[in-house]
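Colleague: Structure file run-v7.pdb (PDB, C-alpha atoms) is given on the next line.
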ATOM      1  CA  MET A   1      12.657  11.434 -19.089
ATOM      2  CA  GLY A   2      16.348  10.698 -19.261
ATOM      3  CA  MET A   3      16.666   9.257 -15.756
ATOM      4  CA  THR A   4      17.120   5.753 -14.411
ATOM      5  CA  VAL A   5      14.478   4.799 -11.871
ATOM      6  CA  PHE A   6      13.545   1.755  -9.879
ATOM      7  CA  PRO A   7      10.114   0.362 -10.715
ATOM      8  CA  SER A   8       8.877   1.590  -7.334
ATOM      9  CA  SER A   9      10.595   1.937  -3.984
ATOM     10  CA  SER A  10       7.644   0.257  -2.337
ATOM     11  CA  THR A  11       8.615  -2.836  -4.322
ATOM     12  CA  PHE A  12      11.833  -3.094  -2.337
ATOM     13  CA  LEU A  13      10.151  -4.362   0.807
ATOM     14  CA  LEU A  14      10.293  -7.671  -1.020
ATOM     15  CA  PRO A  15      13.605  -9.199   0.139
ATOM     16  CA  HIS A  16      12.984  -8.554   3.835
ATOM     17  CA  LEU A  17       9.462  -9.909   3.581
ATOM     18  CA  LEU A  18      10.909 -13.065   2.054
ATOM     19  CA  VAL A  19      13.087 -13.536   5.106
ATOM     20  CA  PHE A  20      10.052 -13.024   7.325
ATOM     21  CA  ALA A  21       8.377 -15.923   5.553
ATOM     22  CA  LEU A  22      11.406 -18.155   6.029
ATOM     23  CA  PHE A  23      11.239 -17.855   9.812
ATOM     24  CA  ILE A  24       7.548 -17.621  10.588
ATOM     25  CA  SER A  25       4.662 -19.637   9.245
ATOM     26  CA  ALA A  26       1.094 -18.651   9.944
ATOM     27  CA  LYS A  27      -2.150 -19.867   8.557
ATOM     28  CA  ALA A  28      -4.760 -18.207  10.715
ATOM     29  CA  LEU A  29      -8.318 -17.434   9.741
ATOM     30  CA  LEU A  30      -9.234 -13.887  10.631
ATOM     31  CA  LYS A  31     -11.856 -13.748  13.357
ATOM     32  CA  MET A  32     -14.367 -10.982  12.685
ATOM     33  CA  PRO A  33     -16.498  -9.410  15.430
ATOM     34  CA  GLU A  34     -19.869 -11.114  15.738
ATOM     35  CA  ASN A  35     -22.642  -9.836  13.435
ATOM     36  CA  GLN A  36     -20.223  -7.626  11.497
ATOM     37  CA  THR A  37     -19.533  -7.719   7.774
ATOM     38  CA  MET A  38     -17.268  -6.187   5.183
ATOM     39  CA  PRO A  39     -18.752  -6.443   1.698
ATOM     40  CA  ALA A  40     -15.739  -5.189  -0.252
ATOM     41  CA  VAL A  41     -12.086  -4.130  -0.218
ATOM     42  CA  ILE A  42     -11.409  -0.875  -2.079
ATOM     43  CA  VAL A  43      -7.787   0.145  -2.515
ATOM     44  CA  PHE A  44      -5.675   3.216  -3.339
ATOM     45  CA  GLY A  45      -1.928   3.691  -3.457
ATOM     46  CA  ASP A  46       1.307   2.425  -4.995
ATOM     47  CA  SER A  47       2.945  -0.767  -6.277
ATOM     48  CA  ILE A  48       2.319  -2.754  -3.094
ATOM     49  CA  VAL A  49      -1.390  -2.862  -4.027
ATOM     50  CA  ASP A  50      -1.356  -2.241  -7.800
ATOM     51  CA  ALA A  51      -2.987  -5.231  -9.519
ATOM     52  CA  GLY A  52      -2.286  -4.013 -13.051
ATOM     53  CA  ASN A  53      -3.515  -0.445 -13.445
ATOM     54  CA  ASN A  54      -0.141   0.567 -14.900
ATOM     55  CA  ASN A  55      -0.375  -2.004 -17.694
ATOM     56  CA  GLY A  56      -2.234   0.276 -20.080
ATOM     57  CA  ILE A  57      -0.521   3.600 -19.389
ATOM     58  CA  ARG A  58       2.685   5.083 -20.806
ATOM     59  CA  THR A  59       5.165   4.559 -17.966
ATOM     60  CA  ILE A  60       8.326   2.590 -17.325
ATOM     61  CA  VAL A  61       6.869   1.431 -13.997
ATOM     62  CA  LYS A  62       5.412  -1.865 -15.162
ATOM     63  CA  CYS A  63       5.699  -5.518 -14.230
ATOM     64  CA  ASN A  64       3.366  -7.289 -16.659
ATOM     65  CA  PHE A  65       6.126  -9.700 -17.642
ATOM     66  CA  LEU A  66       7.844 -12.747 -16.162
ATOM     67  CA  PRO A  67       9.096 -13.570 -13.568
ATOM     68  CA  TYR A  68       6.317 -11.422 -12.053
ATOM     69  CA  GLY A  69       3.123 -13.461 -11.807
ATOM     70  CA  ARG A  70       4.824 -16.810 -12.214
ATOM     71  CA  ASP A  71       2.954 -18.206  -9.187
ATOM     72  CA  PHE A  72      -0.300 -16.399  -9.834
ATOM     73  CA  ASP A  73      -3.270 -18.409 -11.068
ATOM     74  CA  GLY A  74      -2.242 -19.707 -14.485
ATOM     75  CA  GLY A  75       1.312 -18.381 -14.151
ATOM     76  CA  VAL A  76       0.409 -15.266 -16.127
ATOM     77  CA  PRO A  77       1.835 -11.828 -15.222
ATOM     78  CA  THR A  78      -1.028  -9.518 -14.282
ATOM     79  CA  GLY A  79       0.816  -6.309 -13.493
ATOM     80  CA  ARG A  80       1.152  -7.128  -9.803
ATOM     81  CA  PHE A  81       4.622  -6.329  -8.427
ATOM     82  CA  CYS A  82       4.854  -9.828  -7.012
ATOM     83  CA  ASN A  83       5.278 -13.471  -7.938
ATOM     84  CA  GLY A  84       1.663 -14.070  -6.896
ATOM     85  CA  LYS A  85      -0.914 -12.271  -4.775
ATOM     86  CA  ILE A  86      -0.389  -8.829  -3.271
ATOM     87  CA  PRO A  87      -1.563  -7.549   0.155
ATOM     88  CA  SER A  88      -4.931  -6.301  -1.078
ATOM     89  CA  ASP A  89      -5.695  -9.765  -2.503
ATOM     90  CA  LEU A  90      -4.681 -11.422   0.732
ATOM     91  CA  ILE A  91      -6.720  -9.045   2.863
ATOM     92  CA  ALA A  92      -9.818  -9.742   0.760
ATOM     93  CA  GLU A  93      -9.110 -13.452   1.122
ATOM     94  CA  GLU A  94      -8.650 -13.173   4.919
ATOM     95  CA  LEU A  95     -11.952 -11.301   5.176
ATOM     96  CA  GLY A  96     -13.707 -13.993   3.136
ATOM     97  CA  ILE A  97     -14.709 -11.556   0.395
ATOM     98  CA  LYS A  98     -12.960 -12.963  -2.670
ATOM     99  CA  ASP A  99      -9.639 -14.419  -3.799
ATOM    100  CA  THR A 100      -8.236 -11.355  -5.554
ATOM    101  CA  VAL A 101      -8.947  -7.635  -5.862
ATOM    102  CA  PRO A 102      -8.826  -6.700  -9.569
ATOM    103  CA  ALA A 103      -7.402  -3.539 -11.057
ATOM    104  CA  TYR A 104     -10.091  -0.988 -11.826
ATOM    105  CA  LEU A 105      -8.565  -0.439 -15.288
ATOM    106  CA  ASP A 106      -8.485  -4.162 -16.090
ATOM    107  CA  PRO A 107     -10.245  -4.444 -19.473
ATOM    108  CA  THR A 108     -11.813  -7.753 -18.381
ATOM    109  CA  LEU A 109     -13.428  -6.221 -15.273
ATOM    110  CA  LYS A 110     -17.080  -7.265 -14.918
ATOM    111  CA  PRO A 111     -19.925  -5.264 -13.320
ATOM    112  CA  GLN A 112     -20.253  -7.806 -10.510
ATOM    113  CA  ASP A 113     -16.578  -7.245  -9.608
ATOM    114  CA  LEU A 114     -17.482  -3.722  -8.518
ATOM    115  CA  MET A 115     -19.656  -4.960  -5.667
ATOM    116  CA  THR A 116     -16.770  -6.657  -3.836
ATOM    117  CA  GLY A 117     -14.077  -4.092  -4.538
ATOM    118  CA  VAL A 118     -11.289  -3.041  -6.883
ATOM    119  CA  THR A 119      -7.892  -1.407  -6.601
ATOM    120  CA  PHE A 120      -7.144   1.988  -8.106
ATOM    121  CA  ALA A 121      -3.483   1.851  -7.043
ATOM    122  CA  SER A 122      -0.647   2.672  -9.404
ATOM    123  CA  GLY A 123       2.964   1.581  -8.909
ATOM    124  CA  GLY A 124       5.135   4.649  -8.347
ATOM    125  CA  ALA A 125       2.378   6.891  -6.946
ATOM    126  CA  GLY A 126       2.691   8.920  -3.761
ATOM    127  CA  TYR A 127       1.077  11.523  -1.548
ATOM    128  CA  ASP A 128       3.211  14.248  -3.130
ATOM    129  CA  PRO A 129       1.610  15.005  -6.534
ATOM    130  CA  LEU A 130       5.089  15.385  -8.028
ATOM    131  CA  THR A 131       5.935  11.760  -7.237
ATOM    132  CA  SER A 132       3.445  10.409  -9.753
ATOM    133  CA  LYS A 133       4.427  12.993 -12.372
ATOM    134  CA  LEU A 134       8.109  12.033 -12.241
ATOM    135  CA  VAL A 135       7.370   8.517 -13.484
ATOM    136  CA  SER A 136       4.097   9.198 -15.351
ATOM    137  CA  VAL A 137       1.762   7.062 -13.246
ATOM    138  CA  ILE A 138      -1.756   7.506 -11.868
ATOM    139  CA  SER A 139      -1.759  10.088  -9.086
ATOM    140  CA  LEU A 140      -3.901   9.826  -5.962
ATOM    141  CA  GLU A 141      -6.040  12.654  -7.323
ATOM    142  CA  GLU A 142      -6.631  10.666 -10.501
ATOM    143  CA  GLN A 143      -7.314   7.540  -8.437
ATOM    144  CA  LEU A 144      -9.947   9.533  -6.564
ATOM    145  CA  ASN A 145     -11.543  10.559  -9.863
ATOM    146  CA  TYR A 146     -11.684   6.911 -10.889
ATOM    147  CA  PHE A 147     -13.302   6.171  -7.511
ATOM    148  CA  LYS A 148     -16.049   8.702  -8.269
ATOM    149  CA  GLU A 149     -16.571   6.995 -11.624
ATOM    150  CA  TYR A 150     -16.677   3.645  -9.810
ATOM    151  CA  ILE A 151     -19.390   4.925  -7.446
ATOM    152  CA  ALA A 152     -21.550   5.985 -10.396
ATOM    153  CA  LYS A 153     -21.113   2.570 -12.018
ATOM    154  CA  LEU A 154     -21.898   0.815  -8.745
ATOM    155  CA  ILE A 155     -25.126   2.774  -8.394
ATOM    156  CA  ASP A 156     -26.116   1.536 -11.852
ATOM    157  CA  VAL A 157     -25.446  -2.058 -10.764
ATOM    158  CA  VAL A 158     -26.940  -2.200  -7.244
ATOM    159  CA  GLY A 159     -28.740   1.112  -6.662
ATOM    160  CA  GLU A 160     -27.888   4.083  -4.462
ATOM    161  CA  GLU A 161     -28.904   2.590  -1.104
ATOM    162  CA  GLN A 162     -26.816  -0.543  -1.536
ATOM    163  CA  THR A 163     -23.914   1.535  -2.882
ATOM    164  CA  ASN A 164     -23.938   3.683   0.245
ATOM    165  CA  PHE A 165     -23.942   0.517   2.363
ATOM    166  CA  ILE A 166     -20.953  -0.895   0.458
ATOM    167  CA  LEU A 167     -18.973   2.342   0.800
ATOM    168  CA  ALA A 168     -19.669   2.657   4.522
ATOM    169  CA  LYS A 169     -19.073  -0.974   5.487
ATOM    170  CA  SER A 170     -16.139  -1.943   3.262
ATOM    171  CA  MET A 171     -12.457  -1.811   4.135
ATOM    172  CA  ILE A 172     -10.865   1.110   2.303
ATOM    173  CA  LEU A 173      -7.068   0.790   2.111
ATOM    174  CA  VAL A 174      -4.535   3.533   1.416
ATOM    175  CA  VAL A 175      -0.908   2.513   0.801
ATOM    176  CA  ALA A 176       1.548   5.273  -0.129
ATOM    177  CA  GLY A 177       4.526   7.342   0.991
ATOM    178  CA  SER A 178       7.517   5.130   0.192
ATOM    179  CA  ASP A 179       8.070   6.565  -3.271
ATOM    180  CA  ASP A 180       7.739  10.131  -2.011
ATOM    181  CA  ILE A 181      10.607   9.687   0.430
ATOM    182  CA  ALA A 182      12.872   7.282  -1.455
ATOM    183  CA  ASN A 183      12.455   8.574  -4.998
ATOM    184  CA  THR A 184      11.116  12.121  -5.075
ATOM    185  CA  TYR A 185      13.069  13.411  -2.075
ATOM    186  CA  PHE A 186      16.271  11.363  -1.913
ATOM    187  CA  LEU A 187      16.870   9.726  -5.317
ATOM    188  CA  PHE A 188      15.722  12.508  -7.657
ATOM    189  CA  CYS A 189      16.295  15.330  -5.127
ATOM    190  CA  ALA A 190      13.245  16.945  -6.691
ATOM    191  CA  ARG A 191      12.138  18.571  -3.425
ATOM    192  CA  LYS A 192      15.413  18.860  -1.458
ATOM    193  CA  LEU A 193      16.163  22.477  -2.383
ATOM    194  CA  GLN A 194      12.634  23.535  -1.479
ATOM    195  CA  TYR A 195      12.029  21.469   1.678
ATOM    196  CA  ASP A 196      13.994  19.989   4.532
ATOM    197  CA  ILE A 197      12.773  16.622   5.856
ATOM    198  CA  PRO A 198      10.327  18.032   8.455
ATOM    199  CA  ALA A 199       8.798  20.353   5.862
ATOM    200  CA  TYR A 200       8.573  17.626   3.233
ATOM    201  CA  THR A 201       6.852  15.216   5.599
ATOM    202  CA  ASP A 202       4.437  18.063   6.393
ATOM    203  CA  LEU A 203       3.666  18.285   2.679
ATOM    204  CA  MET A 204       3.124  14.524   2.551
ATOM    205  CA  VAL A 205       0.865  14.353   5.583
ATOM    206  CA  ASN A 206      -1.153  17.389   4.490
ATOM    207  CA  SER A 207      -1.770  15.703   1.136
ATOM    208  CA  ALA A 208      -2.652  12.436   2.888
ATOM    209  CA  SER A 209      -5.048  14.298   5.173
ATOM    210  CA  GLU A 210      -6.877  15.937   2.289
ATOM    211  CA  PHE A 211      -7.100  12.627   0.459
ATOM    212  CA  LEU A 212      -8.580  10.854   3.473
ATOM    213  CA  LYS A 213     -11.108  13.649   4.018
ATOM    214  CA  GLU A 214     -12.205  13.313   0.405
ATOM    215  CA  LEU A 215     -12.685   9.572   0.846
ATOM    216  CA  TYR A 216     -14.800  10.245   3.913
ATOM    217  CA  GLY A 217     -16.824  12.838   2.006
ATOM    218  CA  LEU A 218     -17.582  10.245  -0.658
ATOM    219  CA  GLY A 219     -18.990   7.808   1.905
ATOM    220  CA  ALA A 220     -15.992   5.774   3.084
ATOM    221  CA  ARG A 221     -16.099   5.049   6.820
ATOM    222  CA  ARG A 222     -13.694   2.159   7.468
ATOM    223  CA  ILE A 223     -10.336   3.445   6.271
ATOM    224  CA  GLY A 224      -7.044   1.661   6.906
ATOM    225  CA  VAL A 225      -3.803   3.521   6.180
ATOM    226  CA  PHE A 226      -0.484   1.700   5.835
ATOM    227  CA  SER A 227       2.516   3.337   7.459
ATOM    228  CA  THR A 228       5.639   3.857   5.410
ATOM    229  CA  PRO A 229       8.176   1.044   5.980
ATOM    230  CA  PRO A 230      11.740   1.461   7.336
ATOM    231  CA  ILE A 231      12.811   2.620   3.880
ATOM    232  CA  GLY A 232      16.457   3.119   4.755
ATOM    233  CA  CYS A 233      16.845  -0.552   5.691
ATOM    234  CA  LEU A 234      15.429  -1.886   2.453
ATOM    235  CA  THR A 235      17.858  -3.477   0.023
ATOM    236  CA  SER A 236      17.659  -0.762  -2.642
ATOM    237  CA  GLN A 237      18.344   2.085  -0.244
ATOM    238  CA  ARG A 238      21.181   0.243   1.512
ATOM    239  CA  THR A 239      22.793  -0.167  -1.896
ATOM    240  CA  LEU A 240      22.275   3.456  -2.895
ATOM    241  CA  ALA A 241      22.869   5.239   0.395
ATOM    242  CA  GLY A 242      24.230   2.751   2.929
ATOM    243  CA  GLY A 243      27.916   3.134   2.133
ATOM    244  CA  ILE A 244      30.457   0.357   1.647
ATOM    245  CA  GLU A 245      28.972  -1.686   4.488
ATOM    246  CA  ARG A 246      25.448  -1.259   3.088
ATOM    247  CA  GLU A 247      24.104  -0.141   6.449
ATOM    248  CA  CYS A 248      20.598   1.230   6.891
ATOM    249  CA  ALA A 249      20.315   4.754   5.484
ATOM    250  CA  GLU A 250      19.213   6.486   8.655
ATOM    251  CA  ASP A 251      18.072   9.741   7.033
ATOM    252  CA  TYR A 252      15.523   7.735   5.045
ATOM    253  CA  ASN A 253      14.261   6.114   8.251
ATOM    254  CA  VAL A 254      14.151   9.463  10.036
ATOM    255  CA  ALA A 255      11.900  10.782   7.265
ATOM    256  CA  ALA A 256       9.694   7.675   7.359
ATOM    257  CA  THR A 257       9.355   7.800  11.154
ATOM    258  CA  LEU A 258       8.587  11.507  11.116
ATOM    259  CA  PHE A 259       5.883  11.028   8.500
ATOM    260  CA  ASN A 260       4.394   8.055  10.352
ATOM    261  CA  ASN A 261       4.188   9.991  13.616
ATOM    262  CA  LYS A 262       2.446  12.869  11.868
ATOM    263  CA  LEU A 263       0.084  10.414  10.160
ATOM    264  CA  ILE A 264      -0.833   8.889  13.529
ATOM    265  CA  SER A 265      -1.690  12.370  14.832
ATOM    266  CA  VAL A 266      -3.892  13.083  11.804
ATOM    267  CA  LEU A 267      -5.775   9.800  12.192
ATOM    268  CA  ASP A 268      -6.256  10.490  15.902
ATOM    269  CA  SER A 269      -7.725  13.900  15.117
ATOM    270  CA  PHE A 270     -10.051  12.405  12.499
ATOM    271  CA  ARG A 271     -11.379   9.906  15.024
ATOM    272  CA  ARG A 272     -12.330  12.835  17.243
ATOM    273  CA  SER A 273     -13.776  15.092  14.538
ATOM    274  CA  MET A 274     -15.489  12.329  12.520
ATOM    275  CA  PRO A 275     -16.638   9.861  15.196
ATOM    276  CA  ASP A 276     -18.667   7.718  12.780
ATOM    277  CA  GLY A 277     -15.459   7.019  10.842
ATOM    278  CA  ARG A 278     -12.895   4.359  11.626
ATOM    279  CA  PHE A 279      -9.415   5.610  10.715
ATOM    280  CA  VAL A 280      -6.969   2.772  11.376
ATOM    281  CA  TYR A 281      -3.178   3.056  11.359
ATOM    282  CA  MET A 282      -1.625  -0.141   9.961
ATOM    283  CA  ASP A 283       1.927  -0.343  11.302
ATOM    284  CA  VAL A 284       4.168  -1.830   8.641
ATOM    285  CA  TYR A 285       7.227   0.089   9.879
ATOM    286  CA  ASN A 286       7.713  -1.613  13.237
ATOM    287  CA  SER A 287       6.483  -5.019  12.079
ATOM    288  CA  LEU A 288       9.130  -5.060   9.356
ATOM    289  CA  LEU A 289      11.888  -3.399  11.372
ATOM    290  CA  ASP A 290      11.541  -5.987  14.148
ATOM    291  CA  LEU A 291      12.313  -8.657  11.585
ATOM    292  CA  ILE A 292      15.183  -6.793   9.925
ATOM    293  CA  GLU A 293      16.881  -6.199  13.275
ATOM    294  CA  ASN A 294      16.521  -9.825  14.373
ATOM    295  CA  PRO A 295      20.098 -11.211  14.188
ATOM    296  CA  HIS A 296      18.949 -14.636  13.009
ATOM    297  CA  ILE A 297      17.043 -13.041  10.163
ATOM    298  CA  ASN A 298      20.000 -10.839   9.260
ATOM    299  CA  MET A 299      22.142 -13.979   8.934
ATOM    300  CA  ALA A 300      19.541 -15.440   6.609
ATOM    301  CA  LEU A 301      19.796 -12.398   4.337
ATOM    302  CA  LYS A 302      22.971 -13.984   2.965
ATOM    303  CA  LEU A 303      20.791 -16.717   1.495
ATOM    304  CA  GLN A 304      18.860 -14.290  -0.677
ATOM    305  CA  THR A 305      19.221 -14.392  -4.437
ATOM    306  CA  LYS A 306      18.807 -11.562  -6.871
ATOM    307  CA  GLY A 307      15.677 -11.098  -8.930
ATOM    308  CA  ALA A 308      12.133 -12.121  -8.165
ATOM    309  CA  VAL A 309      11.397 -13.609  -4.751
ATOM    310  CA  GLU A 310       8.657 -15.725  -3.266
ATOM    311  CA  LEU A 311       6.787 -12.623  -2.224
ATOM    312  CA  GLU A 312       3.258 -13.929  -1.893
ATOM    313  CA  LYS A 313       4.140 -16.199   1.012
ATOM    314  CA  ALA A 314       5.907 -13.346   2.776
ATOM    315  CA  TYR A 315       3.051 -10.913   2.185
ATOM    316  CA  ARG A 316       0.616 -13.478   3.528
ATOM    317  CA  VAL A 317       2.441 -13.752   6.844
ATOM    318  CA  LEU A 318       2.819  -9.981   7.241
ATOM    319  CA  VAL A 319      -0.820  -9.272   6.328
ATOM    320  CA  THR A 320      -2.105 -11.892   8.760
ATOM    321  CA  ASN A 321       0.120 -10.532  11.521
ATOM    322  CA  ILE A 322      -1.065  -6.937  11.081
ATOM    323  CA  LEU A 323      -4.742  -7.730  10.527
ATOM    324  CA  GLN A 324      -4.986  -9.795  13.678
ATOM    325  CA  LYS A 325      -3.755  -6.808  15.687
ATOM    326  CA  ILE A 326      -6.044  -4.147  14.242
ATOM    327  CA  ILE A 327      -9.191  -5.741  12.775
ATOM    328  CA  ASP A 328     -11.400  -4.786  15.752
ATOM    329  CA  LYS A 329     -10.545  -1.120  15.224
ATOM    330  CA  PHE A 330     -12.580  -1.109  12.006
ATOM    331  CA  PHE A 331     -15.832  -1.728  13.932
TER     332      PHE A 331
END
Could you spell out this file's structure in structure tokens?
Modeller:
Amino acid sequence: MGMTVFPSSSTFLLPHLLVFALFISAKALLKMPENQTMPAVIVFGDSIVDAGNNNGIRTIVKCNFLPYGRDFDGGVPTGRFCNGKIPSDLIAEELGIKDTVPAYLDPTLKPQDLMTGVTFASGGAGYDPLTSKLVSVISLEEQLNYFKEYIAKLIDVVGEEQTNFILAKSMILVVAGSDDIANTYFLFCARKLQYDIPAYTDLMVNSASEFLKELYGLGARRIGVFSTPPIGCLTSQRTLAGGIERECAEDYNVAATLFNNKLISVLDSFRRSMPDGRFVYMDVYNSLLDLIENPHINMALKLQTKGAVELEKAYRVLVTNILQKIIDKFF
């Protein structure tokens, strides 16, 4: 396409998450409400939860090579944008479902894997349909089509009644938005002439709303949606837009905050209009920003090295922290 792109802006949470892991250690088992169960974790979104769906498609947004995967089981790169496990794996582990959530397009996927969940996510995807087109990855619409295919396959494996139970009782995760703001809007300027930031975040949240309604229409009832992170404070955006001092790029954060606030309003409205659904906002923005703004952590940033980082440990701490705060909201 003649343009230089980062693998995925969502990948650039990595350095700050590493610092989080340096200062906090947590190894808590998630306490579920009594007599409640979650049979599967089913995932949609971008590189944060892509377990290898991009491996077999024609895109530059790939990570099926070392040093990615060096700490994964067997030390083999899987297509995860991480040295080891990604948040969807860790959430499934915390819930006691299974150790990892495989990519739906993994050629080694087995029928029994469907019963406990898969990820349809694609690194570089976003709520804006243009975001996926710019880097030739699997759009949310295409992920939804794969989900419909998955449902049909699951019915063949366990029957319609059990399939409906799995869809209604599982944790459905949606992780997107970073690449829309950082890449489509600011880096490529592909929407800047057409939309100002308020209008663009309207486009994003309208697309997110329609996507979530489609998930609900297909039987999903426990839906967790990740906020966008403080994009302007991530290493890549500080380098690109933070000036000589590499300060946080505030216009990026303004866009992220505006989108998050609109997303919260949408989820609130869904809880009123679809009372049998559980629409849970998972606040990555403030959890990560608290750490970035901690002066002791900022001093530790000087210790970072370039290249791959020990991401799995950092993800584990962040996932545990967020899950402990919101798990009851799924029931």
Colleague: May I ask which of the residues A:Glu94, A:Leu318, A:Ser139, A:Glu160 is the closest one to Tyr127 in chain A, counting all atoms listed in the file?
Modeller: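 Under the stated criterion, the closest residue is A:Ser139.
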Colleague: I would like the residues chosen by the PyMOL selection byres ((chain A and resi 213-218) around 9) on the shown file; could you give them as a list of chain:residue names?
Modeller: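 The output of the PyMOL selection byres ((chain A and resi 213-218) around 9) on this file is A:Leu144, A:Lys148, A:Ile151, A:Leu167, A:Ile172, A:Ala208, A:Ser209, A:Glu210, A:Phe211, A:Leu212, A:Gly219, A:Ala220, A:Arg221, A:Arg222, A:Ile223, A:Phe270, A:Met274, A:Gly277.
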Colleague: For the atom pair CA of Ser227 in chain A and CA of Thr257 in chain A, what is the interatomic distance in Å to one decimal place?
Modeller: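 Distance between the two atoms: 9.0 Å.
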Colleague: Could you state the separation of CA of Phe81 in chain A and CA of Ile326 in chain A in Å, given to one decimal place?
Modeller: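 Separation of CA of Phe81 in chain A and CA of Ile326 in chain A: 25.1 Å.
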Colleague: When you look at Thr184 in chain A with a cut-off of 12 Å (counting all atoms listed in the file), what residues show up, excluding the ones that are within fewer than 3 positions of it in the same chain? I need them as a PyMOL selection string.
Modeller: chain A and resi 5-6+8-9+124-135+177-181+187-193+195+197+200-201+204+252
Colleague: Choose the residue, out of A:Ile322, A:Ala121, A:Ile155, A:Leu30, that has the smallest atom-to-atom separation from Glu141 in chain A; count only C-alpha atoms.
Modeller: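 So, comparing all the options, the nearest one is A:Ala121.
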Colleague: Quick one, how far is CA of Val225 in chain A from CA of Lys169 in chain A?
Modeller: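 Distance between the two atoms: 15.9 Å.
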Colleague: From the set A:Glu149, A:Asp156, A:Glu93, A:Asp202, which residue has the shortest atom-to-atom contact distance to Ala40 in chain A, counting all atoms listed in the file?
Modeller: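 Comparing A:Glu149, A:Asp156, A:Glu93, A:Asp202 against Ala40 in chain A, the winner is A:Glu93.
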Colleague: Which residue is closest to Val284 in chain A? Choose from A:Val76, A:Cys82, A:Val319, A:Ala249 and count all atoms listed in the file.
Modeller: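 Among the listed residues, the smallest separation from Val284 in chain A belongs to A:Val319.
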Colleague: From the list A:Asn206, A:Ser122, A:Thr108, A:Ser265, which residue is nearest Ser136 in chain A when using all atoms listed in the file?
Modeller: A:Ser122
Colleague: Quick one: which residues end up in the PyMOL selection byres ((chain A and resi 175) around 6) for this structure, as a compact mmCIF listing (two decimals) with C-alpha atoms, keeping the file's coordinate frame?
Modeller:
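Okay, out_13.txt is ready:
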# COMPACT_ATOMS: atom_id res chain seq x y z
CA GLY A 45 -1.93 3.69 -3.46
CA VAL A 174 -4.54 3.53 1.42
CA ALA A 176 1.55 5.27 -0.13
CA PHE A 226 -0.48 1.70 5.84
Colleague: Taking only C-alpha atoms into account, which of A:Leu258, A:Ile91, A:Val205, A:Ile264 comes nearest Met38 in chain A?
Modeller: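 Comparing A:Leu258, A:Ile91, A:Val205, A:Ile264 against Met38 in chain A, the winner is A:Ile91.
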Colleague: Can you turn the PyMOL selection byres ((chain A and resi 65-69) around 9) into a concrete residue list for this file, as a PyMOL selection string?
Modeller: chain A and resi 62-64+70-85+307-308
Colleague: Skip Asp113 in chain A itself and residues of its chain fewer than 2 positions away, then list as a VMD selection string all residues within 12 Å of it, counting all atoms listed in the file.
Modeller: chain A and resid 39 to 42 97 to 106 108 to 111 115 to 119 150 153 to 154 157 to 158
Colleague: Got a sec: who's within 12 Å of Gln36 in chain A, counting all atoms listed in the file, leaving out chain neighbours fewer than 2 positions off, as a count of residues only?
Modeller: 13
